[in-house]
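Enquirer: To be precise about what I am sending: the file is called model14.pdb and holds PDB, C-alpha atoms.
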ATOM      1  CA  MET A  21      29.409 -29.052   5.964
ATOM      2  CA  MET A  22      29.422 -25.226   5.978
ATOM      3  CA  PRO A  23      31.524 -24.851   2.782
ATOM      4  CA  HIS A  24      29.114 -27.233   1.071
ATOM      5  CA  LEU A  25      26.121 -25.155   2.206
ATOM      6  CA  ASN A  26      27.845 -21.993   1.031
ATOM      7  CA  THR A  27      28.328 -23.540  -2.410
ATOM      8  CA  VAL A  28      24.645 -24.457  -2.553
ATOM      9  CA  TRP A  29      23.656 -20.938  -1.491
ATOM     10  CA  VAL A  30      25.880 -19.331  -4.152
ATOM     11  CA  TYR A  31      24.230 -21.549  -6.772
ATOM     12  CA  LEU A  32      20.703 -20.733  -5.581
ATOM     13  CA  ALA A  33      21.410 -17.021  -5.236
ATOM     14  CA  GLY A  34      22.365 -16.921  -8.904
ATOM     15  CA  SER A  35      18.959 -18.201  -9.937
ATOM     16  CA  PRO A  36      16.371 -15.518 -10.803
ATOM     17  CA  LEU A  37      13.623 -17.820  -9.509
ATOM     18  CA  LEU A  38      15.034 -17.912  -5.973
ATOM     19  CA  TRP A  39      13.640 -14.543  -4.843
ATOM     20  CA  LEU A  40      10.364 -15.026  -6.666
ATOM     21  CA  THR A  41       9.977 -18.311  -4.805
ATOM     22  CA  ALA A  42      11.022 -16.650  -1.541
ATOM     23  CA  THR A  43       8.344 -13.965  -2.045
ATOM     24  CA  LEU A  44       5.634 -16.552  -2.656
ATOM     25  CA  VAL A  45       6.742 -18.666   0.326
ATOM     26  CA  ALA A  46       6.814 -15.586   2.578
ATOM     27  CA  TYR A  47       3.265 -14.697   1.546
ATOM     28  CA  LYS A  48       2.104 -18.281   2.064
ATOM     29  CA  ILE A  49       3.529 -18.234   5.609
ATOM     30  CA  ALA A  50       1.949 -14.829   6.216
ATOM     31  CA  MET A  51      -1.451 -16.119   5.058
ATOM     32  CA  TRP A  52      -1.103 -19.116   7.383
ATOM     33  CA  ILE A  53      -0.407 -16.791  10.314
ATOM     34  CA  TYR A  54      -3.335 -14.590   9.253
ATOM     35  CA  GLU A  55      -5.740 -17.550   9.168
ATOM     36  CA  ARG A  56      -4.448 -18.920  12.501
ATOM     37  CA  SER A  57      -5.047 -15.513  14.084
ATOM     38  CA  GLY A  58      -8.729 -15.685  13.152
ATOM     39  CA  ARG A  59      -8.187 -13.209  10.282
ATOM     40  CA  SER A  60      -7.155 -10.478  12.688
ATOM     41  CA  PRO A  61      -6.478  -7.134  10.946
ATOM     42  CA  LEU A  62      -3.321  -6.848  13.024
ATOM     43  CA  ALA A  63      -1.919  -9.976  11.357
ATOM     44  CA  ASN A  64      -1.806  -8.289   7.974
ATOM     45  CA  PRO A  65      -0.315 -10.726   5.410
ATOM     46  CA  VAL A  66       1.411  -7.935   3.480
ATOM     47  CA  ALA A  67       3.163  -6.596   6.587
ATOM     48  CA  ILE A  68       4.193 -10.076   7.718
ATOM     49  CA  SER A  69       5.500 -10.946   4.235
ATOM     50  CA  VAL A  70       7.596  -7.777   4.122
ATOM     51  CA  ALA A  71       9.015  -8.463   7.592
ATOM     52  CA  LEU A  72       9.932 -12.035   6.648
ATOM     53  CA  LEU A  73      11.644 -10.971   3.425
ATOM     54  CA  ILE A  74      13.566  -8.199   5.186
ATOM     55  CA  ALA A  75      14.779 -10.745   7.755
ATOM     56  CA  VAL A  76      15.929 -13.120   5.001
ATOM     57  CA  LEU A  77      17.711 -10.374   3.050
ATOM     58  CA  TYR A  78      19.424  -9.151   6.211
ATOM     59  CA  ALA A  79      20.437 -12.655   7.333
ATOM     60  CA  THR A  80      21.888 -13.534   3.915
ATOM     61  CA  ASP A  81      23.428 -10.086   3.339
ATOM     62  CA  THR A  82      21.580  -9.836   0.033
ATOM     63  CA  PRO A  83      21.280  -6.387  -1.619
ATOM     64  CA  TYR A  84      17.763  -5.242  -2.394
ATOM     65  CA  LYS A  85      18.664  -4.926  -6.093
ATOM     66  CA  THR A  86      19.497  -8.624  -6.202
ATOM     67  CA  TYR A  87      16.156  -9.451  -4.625
ATOM     68  CA  PHE A  88      14.268  -7.120  -6.977
ATOM     69  CA  ASP A  89      15.947  -8.550 -10.078
ATOM     70  CA  GLY A  90      14.722 -11.993  -9.067
ATOM     71  CA  ALA A  91      11.220 -10.984  -7.953
ATOM     72  CA  GLN A  92      10.483  -8.322 -10.567
ATOM     73  CA  PHE A  93       7.792 -10.519 -12.137
ATOM     74  CA  VAL A  94       5.628  -9.716  -9.093
ATOM     75  CA  HIS A  95       6.322  -6.024  -9.668
ATOM     76  CA  PHE A  96       5.329  -6.408 -13.331
ATOM     77  CA  LEU A  97       2.001  -7.915 -12.284
ATOM     78  CA  LEU A  98       1.120  -4.822 -10.236
ATOM     79  CA  GLY A  99       0.050  -3.068 -13.447
ATOM     80  CA  PRO A 100      -2.444  -5.728 -14.628
ATOM     81  CA  VAL A 101      -3.717  -6.222 -11.081
ATOM     82  CA  THR A 102      -4.383  -2.490 -10.702
ATOM     83  CA  VAL A 103      -6.279  -2.437 -13.998
ATOM     84  CA  ALA A 104      -8.218  -5.529 -12.893
ATOM     85  CA  LEU A 105      -9.612  -3.526  -9.965
ATOM     86  CA  ALA A 106     -11.996  -2.022 -12.528
ATOM     87  CA  ILE A 107     -13.856  -5.350 -12.785
ATOM     88  CA  PRO A 108     -15.372  -5.433  -9.268
ATOM     89  CA  LEU A 109     -15.952  -1.681  -9.531
ATOM     90  CA  TYR A 110     -17.906  -2.147 -12.769
ATOM     91  CA  GLN A 111     -20.145  -4.585 -10.901
ATOM     92  CA  GLN A 112     -20.950  -1.732  -8.492
ATOM     93  CA  LEU A 113     -21.732   0.733 -11.295
ATOM     94  CA  ASP A 114     -25.280   1.498 -10.110
ATOM     95  CA  LYS A 115     -24.072   2.449  -6.637
ATOM     96  CA  LEU A 116     -21.259   4.488  -8.149
ATOM     97  CA  ARG A 117     -23.755   6.511 -10.187
ATOM     98  CA  ARG A 118     -25.875   7.189  -7.110
ATOM     99  CA  HIS A 119     -23.011   8.232  -4.860
ATOM    100  CA  TRP A 120     -20.513   9.835  -7.258
ATOM    101  CA  PHE A 121     -20.706  13.334  -5.771
ATOM    102  CA  ALA A 122     -20.293  12.128  -2.169
ATOM    103  CA  LEU A 123     -17.377   9.912  -3.208
ATOM    104  CA  LEU A 124     -15.619  12.742  -5.034
ATOM    105  CA  ALA A 125     -16.150  15.120  -2.107
ATOM    106  CA  GLY A 126     -14.904  12.448   0.288
ATOM    107  CA  ALA A 127     -11.759  11.905  -1.770
ATOM    108  CA  LEU A 128     -11.023  15.648  -1.795
ATOM    109  CA  ALA A 129     -11.642  16.029   1.939
ATOM    110  CA  GLY A 130      -9.757  12.869   2.846
ATOM    111  CA  GLY A 131      -6.788  13.731   0.660
ATOM    112  CA  ALA A 132      -6.576  17.252   2.046
ATOM    113  CA  ALA A 133      -6.811  16.000   5.632
ATOM    114  CA  ALA A 134      -4.081  13.409   5.035
ATOM    115  CA  ILE A 135      -1.711  15.964   3.520
ATOM    116  CA  VAL A 136      -2.311  18.727   6.068
ATOM    117  CA  SER A 137      -2.074  16.393   9.064
ATOM    118  CA  ALA A 138       1.119  14.713   7.830
ATOM    119  CA  MET A 139       2.904  17.947   6.981
ATOM    120  CA  GLY A 140       1.554  19.656  10.107
ATOM    121  CA  VAL A 141       2.745  16.956  12.498
ATOM    122  CA  ALA A 142       6.173  16.819  10.825
ATOM    123  CA  TRP A 143       6.500  20.605  11.051
ATOM    124  CA  LEU A 144       5.415  20.696  14.708
ATOM    125  CA  LEU A 145       7.995  18.042  15.553
ATOM    126  CA  GLY A 146      10.725  20.188  14.032
ATOM    127  CA  ALA A 147      11.332  18.223  10.838
ATOM    128  CA  SER A 148      13.359  19.813   8.061
ATOM    129  CA  PRO A 149      11.508  21.364   5.075
ATOM    130  CA  LEU A 150      12.711  18.442   2.941
ATOM    131  CA  THR A 151      11.164  15.938   5.345
ATOM    132  CA  VAL A 152       7.917  17.904   5.594
ATOM    133  CA  LEU A 153       7.546  17.867   1.808
ATOM    134  CA  SER A 154       8.340  14.151   1.693
ATOM    135  CA  MET A 155       5.508  13.438   4.132
ATOM    136  CA  ALA A 156       2.843  15.130   1.988
ATOM    137  CA  PRO A 157       1.851  12.225  -0.323
ATOM    138  CA  LYS A 158       2.108   9.471   2.321
ATOM    139  CA  SER A 159      -1.491   8.289   1.772
ATOM    140  CA  VAL A 160      -1.081   7.834  -1.990
ATOM    141  CA  THR A 161       0.004   4.590  -3.628
ATOM    142  CA  ILE A 162       3.797   4.295  -4.003
ATOM    143  CA  PRO A 163       4.334   4.873  -7.778
ATOM    144  CA  ILE A 164       2.254   8.071  -7.725
ATOM    145  CA  ALA A 165       3.681   9.201  -4.362
ATOM    146  CA  MET A 166       7.259   8.919  -5.644
ATOM    147  CA  GLY A 167       6.445  11.019  -8.719
ATOM    148  CA  ILE A 168       4.743  13.672  -6.594
ATOM    149  CA  THR A 169       7.661  13.838  -4.162
ATOM    150  CA  GLU A 170      10.173  14.272  -6.978
ATOM    151  CA  LYS A 171       8.072  17.082  -8.436
ATOM    152  CA  ILE A 172       7.751  19.019  -5.165
ATOM    153  CA  GLY A 173      11.384  18.545  -4.177
ATOM    154  CA  GLY A 174      11.133  15.928  -1.430
ATOM    155  CA  LEU A 175      12.956  12.650  -0.828
ATOM    156  CA  PRO A 176      11.310   9.748  -2.714
ATOM    157  CA  THR A 177      13.020   7.107  -0.562
ATOM    158  CA  LEU A 178      11.597   8.633   2.623
ATOM    159  CA  THR A 179       8.187   8.902   0.986
ATOM    160  CA  VAL A 180       8.229   5.191   0.088
ATOM    161  CA  VAL A 181       8.893   4.249   3.709
ATOM    162  CA  MET A 182       6.113   6.513   4.978
ATOM    163  CA  VAL A 183       3.658   5.228   2.365
ATOM    164  CA  MET A 184       4.332   1.621   3.391
ATOM    165  CA  LEU A 185       4.006   2.428   7.100
ATOM    166  CA  THR A 186       0.778   4.335   6.448
ATOM    167  CA  GLY A 187      -0.697   1.438   4.480
ATOM    168  CA  VAL A 188       0.209  -1.230   7.024
ATOM    169  CA  PHE A 189      -0.902   0.860   9.997
ATOM    170  CA  GLY A 190      -4.130   1.956   8.318
ATOM    171  CA  ALA A 191      -5.064  -1.565   7.253
ATOM    172  CA  GLY A 192      -4.327  -2.832  10.763
ATOM    173  CA  ILE A 193      -6.456  -0.408  12.750
ATOM    174  CA  ALA A 194      -9.205   0.484  10.261
ATOM    175  CA  GLN A 195     -11.735  -2.097  11.413
ATOM    176  CA  TYR A 196     -11.319  -1.094  15.045
ATOM    177  CA  VAL A 197     -11.811   2.576  14.144
ATOM    178  CA  PHE A 198     -14.936   1.749  12.114
ATOM    179  CA  ARG A 199     -16.361  -0.182  15.065
ATOM    180  CA  LEU A 200     -15.518   2.642  17.449
ATOM    181  CA  ILE A 201     -17.382   5.231  15.381
ATOM    182  CA  ARG A 202     -20.111   2.695  14.497
ATOM    183  CA  ILE A 203     -19.754   2.655  10.724
ATOM    184  CA  ASP A 204     -20.453  -0.692   9.067
ATOM    185  CA  ASP A 205     -21.413   0.283   5.516
ATOM    186  CA  ASP A 206     -19.061  -1.448   3.056
ATOM    187  CA  ILE A 207     -19.043   1.482   0.626
ATOM    188  CA  THR A 208     -18.098   4.016   3.297
ATOM    189  CA  CYS A 209     -15.543   1.781   5.003
ATOM    190  CA  GLY A 210     -13.960   0.698   1.737
ATOM    191  CA  PHE A 211     -13.670   4.216   0.367
ATOM    192  CA  ALA A 212     -12.151   5.492   3.610
ATOM    193  CA  LEU A 213      -9.669   2.617   3.663
ATOM    194  CA  GLY A 214      -8.542   3.159   0.077
ATOM    195  CA  ALA A 215      -8.226   6.921   0.507
ATOM    196  CA  THR A 216      -6.009   6.602   3.570
ATOM    197  CA  ALA A 217      -4.187   3.263   3.252
ATOM    198  CA  HIS A 218      -3.932   2.946  -0.585
ATOM    199  CA  GLY A 219      -2.975  -0.517  -1.927
ATOM    200  CA  VAL A 220      -2.421  -2.256   1.405
ATOM    201  CA  GLY A 221      -5.773  -0.974   2.624
ATOM    202  CA  THR A 222      -7.427  -2.127  -0.602
ATOM    203  CA  ALA A 223      -5.988  -5.623  -0.174
ATOM    204  CA  ARG A 224      -7.426  -5.660   3.343
ATOM    205  CA  ALA A 225     -10.790  -4.401   2.069
ATOM    206  CA  PHE A 226     -11.065  -7.287  -0.414
ATOM    207  CA  GLN A 227     -10.524  -9.697   2.476
ATOM    208  CA  VAL A 228     -13.703  -8.292   4.050
ATOM    209  CA  SER A 229     -15.952  -8.127   0.966
ATOM    210  CA  GLU A 230     -15.791  -7.546  -2.786
ATOM    211  CA  GLU A 231     -17.915  -4.427  -2.463
ATOM    212  CA  MET A 232     -15.591  -2.906   0.110
ATOM    213  CA  GLY A 233     -12.586  -3.789  -2.033
ATOM    214  CA  ALA A 234     -14.133  -2.248  -5.147
ATOM    215  CA  PHE A 235     -14.744   1.119  -3.487
ATOM    216  CA  SER A 236     -11.372   1.010  -1.774
ATOM    217  CA  GLY A 237      -9.698   0.588  -5.156
ATOM    218  CA  LEU A 238     -11.765   3.482  -6.515
ATOM    219  CA  ALA A 239     -10.697   5.707  -3.626
ATOM    220  CA  MET A 240      -7.058   4.764  -4.134
ATOM    221  CA  GLY A 241      -7.247   5.776  -7.793
ATOM    222  CA  ILE A 242      -9.168   9.019  -7.292
ATOM    223  CA  SER A 243      -6.991  10.103  -4.363
ATOM    224  CA  GLY A 244      -3.839   9.419  -6.338
ATOM    225  CA  ILE A 245      -5.019  11.442  -9.346
ATOM    226  CA  LEU A 246      -6.314  14.375  -7.290
ATOM    227  CA  THR A 247      -3.165  14.513  -5.165
ATOM    228  CA  ALA A 248      -0.894  14.362  -8.213
ATOM    229  CA  PHE A 249      -2.661  17.310  -9.839
ATOM    230  CA  LEU A 250      -3.651  19.470  -6.876
ATOM    231  CA  LEU A 251      -0.816  19.078  -4.327
ATOM    232  CA  PRO A 252       1.990  20.594  -6.457
ATOM    233  CA  LEU A 253      -0.385  23.361  -7.567
ATOM    234  CA  ALA A 254      -1.443  24.166  -3.994
ATOM    235  CA  LEU A 255       2.157  24.222  -2.718
ATOM    236  CA  LYS A 256       3.175  26.483  -5.588
ATOM    237  CA  LEU A 257       0.314  28.921  -4.917
ATOM    238  CA  LEU A 258       1.270  28.999  -1.242
ATOM    239  CA  GLY A 259       4.891  29.717  -2.134
ATOM    240  CA  VAL A 260       6.194  26.535  -0.501
ATOM    241  CA  ILE A 261       7.911  25.321  -3.685
TER     242      ILE A 261
END
Represent the supplied structure as structure tokens.
Expert:
Amino acid sequence: MMPHLNTVWVYLAGSPLLWLTATLVAYKIAMWIYERSGRSPLANPVAISVALLIAVLYATDTPYKTYFDGAQFVHFLLGPVTVALAIPLYQQLDKLRRHWFALLAGALAGGAAAIVSAMGVAWLLGASPLTVLSMAPKSVTIPIAMGITEKIGGLPTLTVVMVMLTGVFGAGIAQYVFRLIRIDDDITCGFALGATAHGVGTARAFQVSEEMGAFSGLAMGISGILTAFLLPLALKLLGVI
């Protein structure tokens, strides 16, 4: 029986559709768990999907490259999906015109706070200079964060891990923090979520409302651009790099 199953697995593993299907199935299971939990922020579908896929890859001893080669269509769609975030934002154009200065100031303040706190905590805990630099862009979406880390001399692989952890953690606790400080405005909550928890936070924001998702996507974009331009410049002026 086992040799037969091994033969079947070897055949399936050679199919590029296997890991695309596995990704979709993992997300479907994660969404089922999310719905059964009463849409609890702690049951984040993205985090659950990642955990399920990691378990499958580990159990089958499958290299990540093999998985990525099969599921790269999902990666390709990240570009169009990111561009599509402009559609709900366009529908909020009037509010954007009214609040543009506050949003820009919030992105600057939030980005600075995220960078200083991450690097400060790492430094206080005795992390190496390489690790401290790698922590700097942890609140920026992964493609931009990796480019920033390479430019400032950090470790992109470490940055990717920290970005994912930041997104999952931020999306999980954001609603509880908003309730604690009594903020229920969708614009404010969405912008804060996107500025701190990037893409994962934006996905969570869209689960709450389209308005929150639109401003979360805006914050993710603005924070990424500002961090990419200003972080290397600031570190260079301070003599860190």
Enquirer: Run the PyMOL selection byres ((chain A and resi 51-61) around 8) mentally over the shown coordinates, then write out the matched residues as a PyMOL selection string, using the chain letters and numbers from the document.
Expert: chain A and resi 47-50+62-65+191-193+195+224
Enquirer: Take the residues that were just selected and, keeping C-alpha atoms, output them as a PDB file, in the coordinates of the input.
Expert:
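Once everything was written out, this is again12.pdb:
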ATOM      1  CA  TYR A  47       3.265 -14.697   1.546  1.00  0.00           C
ATOM      2  CA  LYS A  48       2.104 -18.281   2.064  1.00  0.00           C
ATOM      3  CA  ILE A  49       3.529 -18.234   5.609  1.00  0.00           C
ATOM      4  CA  ALA A  50       1.949 -14.829   6.216  1.00  0.00           C
ATOM      5  CA  LEU A  62      -3.321  -6.848  13.024  1.00  0.00           C
ATOM      6  CA  ALA A  63      -1.919  -9.976  11.357  1.00  0.00           C
ATOM      7  CA  ASN A  64      -1.806  -8.289   7.974  1.00  0.00           C
ATOM      8  CA  PRO A  65      -0.315 -10.726   5.410  1.00  0.00           C
ATOM      9  CA  ALA A 191      -5.064  -1.565   7.253  1.00  0.00           C
ATOM     10  CA  GLY A 192      -4.327  -2.832  10.763  1.00  0.00           C
ATOM     11  CA  ILE A 193      -6.456  -0.408  12.750  1.00  0.00           C
ATOM     12  CA  GLN A 195     -11.735  -2.097  11.413  1.00  0.00           C
ATOM     13  CA  ARG A 224      -7.426  -5.660   3.343  1.00  0.00           C
TER      14      ARG A 224
END
Enquirer: Taking all atoms listed in the file into account, name the residue in A:Leu253, A:Phe189, A:Lys115, A:Thr102 that is nearest to Gly241 in chain A.
Expert: A:Thr102
Enquirer: Between range 92-162 of chain A and range 225-235 of chain A, at 10 Å or less, what are the per-residue closest atom pairs and their distances in Å? Count all atoms listed in the file, order by chain and rising residue number, and return it as a Markdown table.
Expert:
| residue | atom | partner | partner_atom | distance |
| --- | --- | --- | --- | --- |
| A:Leu105 | CA | A:Ala234 | CA | 6.7 |
| A:Ala106 | CA | A:Ala234 | CA | 7.7 |
| A:Ile107 | CA | A:Ala234 | CA | 8.2 |
| A:Pro108 | CA | A:Ala234 | CA | 5.4 |
| A:Leu109 | CA | A:Ala234 | CA | 4.8 |
| A:Tyr110 | CA | A:Ala234 | CA | 8.5 |
| A:Gln111 | CA | A:Ala234 | CA | 8.6 |
| A:Gln112 | CA | A:Glu231 | CA | 7.3 |
| A:Lys115 | CA | A:Phe235 | CA | 9.9 |
| A:Leu116 | CA | A:Phe235 | CA | 8.7 |
| A:Leu123 | CA | A:Phe235 | CA | 9.2 |
Enquirer: Could you give me, as a PDB file with C-alpha atoms, keeping the file's coordinate frame, the residues that sit within 9 Å of (-2.7, 13.9, 3.0) in the file's coordinates, counting all atoms listed in the file?
Expert:
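Below is the file that was written, part-v2.pdb:
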ATOM      1  CA  GLY A 130      -9.757  12.869   2.846  1.00  0.00           C
ATOM      2  CA  GLY A 131      -6.788  13.731   0.660  1.00  0.00           C
ATOM      3  CA  ALA A 132      -6.576  17.252   2.046  1.00  0.00           C
ATOM      4  CA  ALA A 133      -6.811  16.000   5.632  1.00  0.00           C
ATOM      5  CA  ALA A 134      -4.081  13.409   5.035  1.00  0.00           C
ATOM      6  CA  ILE A 135      -1.711  15.964   3.520  1.00  0.00           C
ATOM      7  CA  VAL A 136      -2.311  18.727   6.068  1.00  0.00           C
ATOM      8  CA  SER A 137      -2.074  16.393   9.064  1.00  0.00           C
ATOM      9  CA  ALA A 138       1.119  14.713   7.830  1.00  0.00           C
ATOM     10  CA  MET A 139       2.904  17.947   6.981  1.00  0.00           C
ATOM     11  CA  MET A 155       5.508  13.438   4.132  1.00  0.00           C
ATOM     12  CA  ALA A 156       2.843  15.130   1.988  1.00  0.00           C
ATOM     13  CA  PRO A 157       1.851  12.225  -0.323  1.00  0.00           C
ATOM     14  CA  LYS A 158       2.108   9.471   2.321  1.00  0.00           C
ATOM     15  CA  SER A 159      -1.491   8.289   1.772  1.00  0.00           C
ATOM     16  CA  VAL A 160      -1.081   7.834  -1.990  1.00  0.00           C
ATOM     17  CA  THR A 216      -6.009   6.602   3.570  1.00  0.00           C
ATOM     18  CA  THR A 247      -3.165  14.513  -5.165  1.00  0.00           C
TER      19      THR A 247
END
Enquirer: Quick check, in Å to one decimal: how far apart do CA of His119 in chain A and CA of Asp204 in chain A lie?
Expert: 16.7 Å
Enquirer: Can you find the residues with an atom no farther than 12 Å from (-1.1, 18.2, -5.3), counting all atoms listed in the file, and report them as a short mmCIF file (atom, residue, chain, number, x, y, z; two decimals) with C-alpha atoms, keeping the file's coordinate frame?
Expert:
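The result, stored in out05.cif:
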data_model
loop_
_atom_site.label_atom_id
_atom_site.label_comp_id
_atom_site.auth_asym_id
_atom_site.auth_seq_id
_atom_site.Cartn_x
_atom_site.Cartn_y
_atom_site.Cartn_z
CA LEU A 128 -11.02 15.65 -1.80
CA GLY A 131 -6.79 13.73 0.66
CA ALA A 132 -6.58 17.25 2.05
CA ALA A 134 -4.08 13.41 5.04
CA ILE A 135 -1.71 15.96 3.52
CA VAL A 136 -2.31 18.73 6.07
CA LEU A 153 7.55 17.87 1.81
CA ALA A 156 2.84 15.13 1.99
CA PRO A 157 1.85 12.22 -0.32
CA VAL A 160 -1.08 7.83 -1.99
CA ILE A 164 2.25 8.07 -7.72
CA ALA A 165 3.68 9.20 -4.36
CA GLY A 167 6.44 11.02 -8.72
CA ILE A 168 4.74 13.67 -6.59
CA THR A 169 7.66 13.84 -4.16
CA LYS A 171 8.07 17.08 -8.44
CA ILE A 172 7.75 19.02 -5.16
CA SER A 243 -6.99 10.10 -4.36
CA GLY A 244 -3.84 9.42 -6.34
CA ILE A 245 -5.02 11.44 -9.35
CA LEU A 246 -6.31 14.38 -7.29
CA THR A 247 -3.16 14.51 -5.16
CA ALA A 248 -0.89 14.36 -8.21
CA PHE A 249 -2.66 17.31 -9.84
CA LEU A 250 -3.65 19.47 -6.88
CA LEU A 251 -0.82 19.08 -4.33
CA PRO A 252 1.99 20.59 -6.46
CA LEU A 253 -0.38 23.36 -7.57
CA ALA A 254 -1.44 24.17 -3.99
CA LEU A 255 2.16 24.22 -2.72
CA LYS A 256 3.18 26.48 -5.59
CA LEU A 257 0.31 28.92 -4.92
CA LEU A 258 1.27 29.00 -1.24
CA ILE A 261 7.91 25.32 -3.68
#
Enquirer: Using the chain letters and numbering of this document, enumerate as a PyMOL selection string the residues selected by the PyMOL selection byres ((chain A and resi 150) around 10).
Expert: chain A and resi 147-149+151-155+169+172-175+178
Enquirer: What separation in Å, quoted to one decimal, exists between CA of Ser236 in chain A and CA of Gly187 in chain A?
Expert: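 The value is 12.4 Å.
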Enquirer: Using only C-alpha atoms, which of A:Thr43, A:Ala215, A:Ile203, A:Gly259 sits nearest Ala129 in chain A?
Expert: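 Residue with the minimum atom-to-atom distance to Ala129 in chain A: A:Ala215.
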Enquirer: Just to confirm, what's the straight-line distance from CA of Thr41 in chain A to CA of Met240 in chain A in Å (one decimal)?
Expert: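 Between these atoms lies a distance of 28.7 Å.
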Enquirer: Restricting the calculation to all atoms listed in the file, which member of A:Leu238, A:Val260, A:Ala46, A:Val220 is positioned closest to Ala104 in chain A?
Expert: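 Counting all atoms listed in the file, the residue closest to Ala104 in chain A is A:Leu238.
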Enquirer: Give, as lines of an AutoDock Vina configuration file, the centre coordinates and the x, y and z edge lengths in Å to one decimal for an axis-aligned box around all listed atoms of range 151-154 of chain A, padded by 8 Å on each side.
Expert:
center_x = 9.4
center_y = 16.0
center_z = 3.6
size_x = 19.6
size_y = 19.8
size_z = 19.9
Enquirer: Compare A:Gly219, A:Asp205, A:Trp120, A:Met184 by their minimum atom-to-atom distance to Val70 in chain A, counting all atoms listed in the file, and give me the closest one.
Expert: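 Nearest to Val70 in chain A: A:Met184.
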Enquirer: Using only C-alpha atoms for the distances, tell me which of A:Asp206, A:Glu170, A:Asp89, A:Asp114 is nearest to Leu40 in chain A.
Expert: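 That would be A:Asp89, the residue with the smallest distance to Leu40 in chain A.
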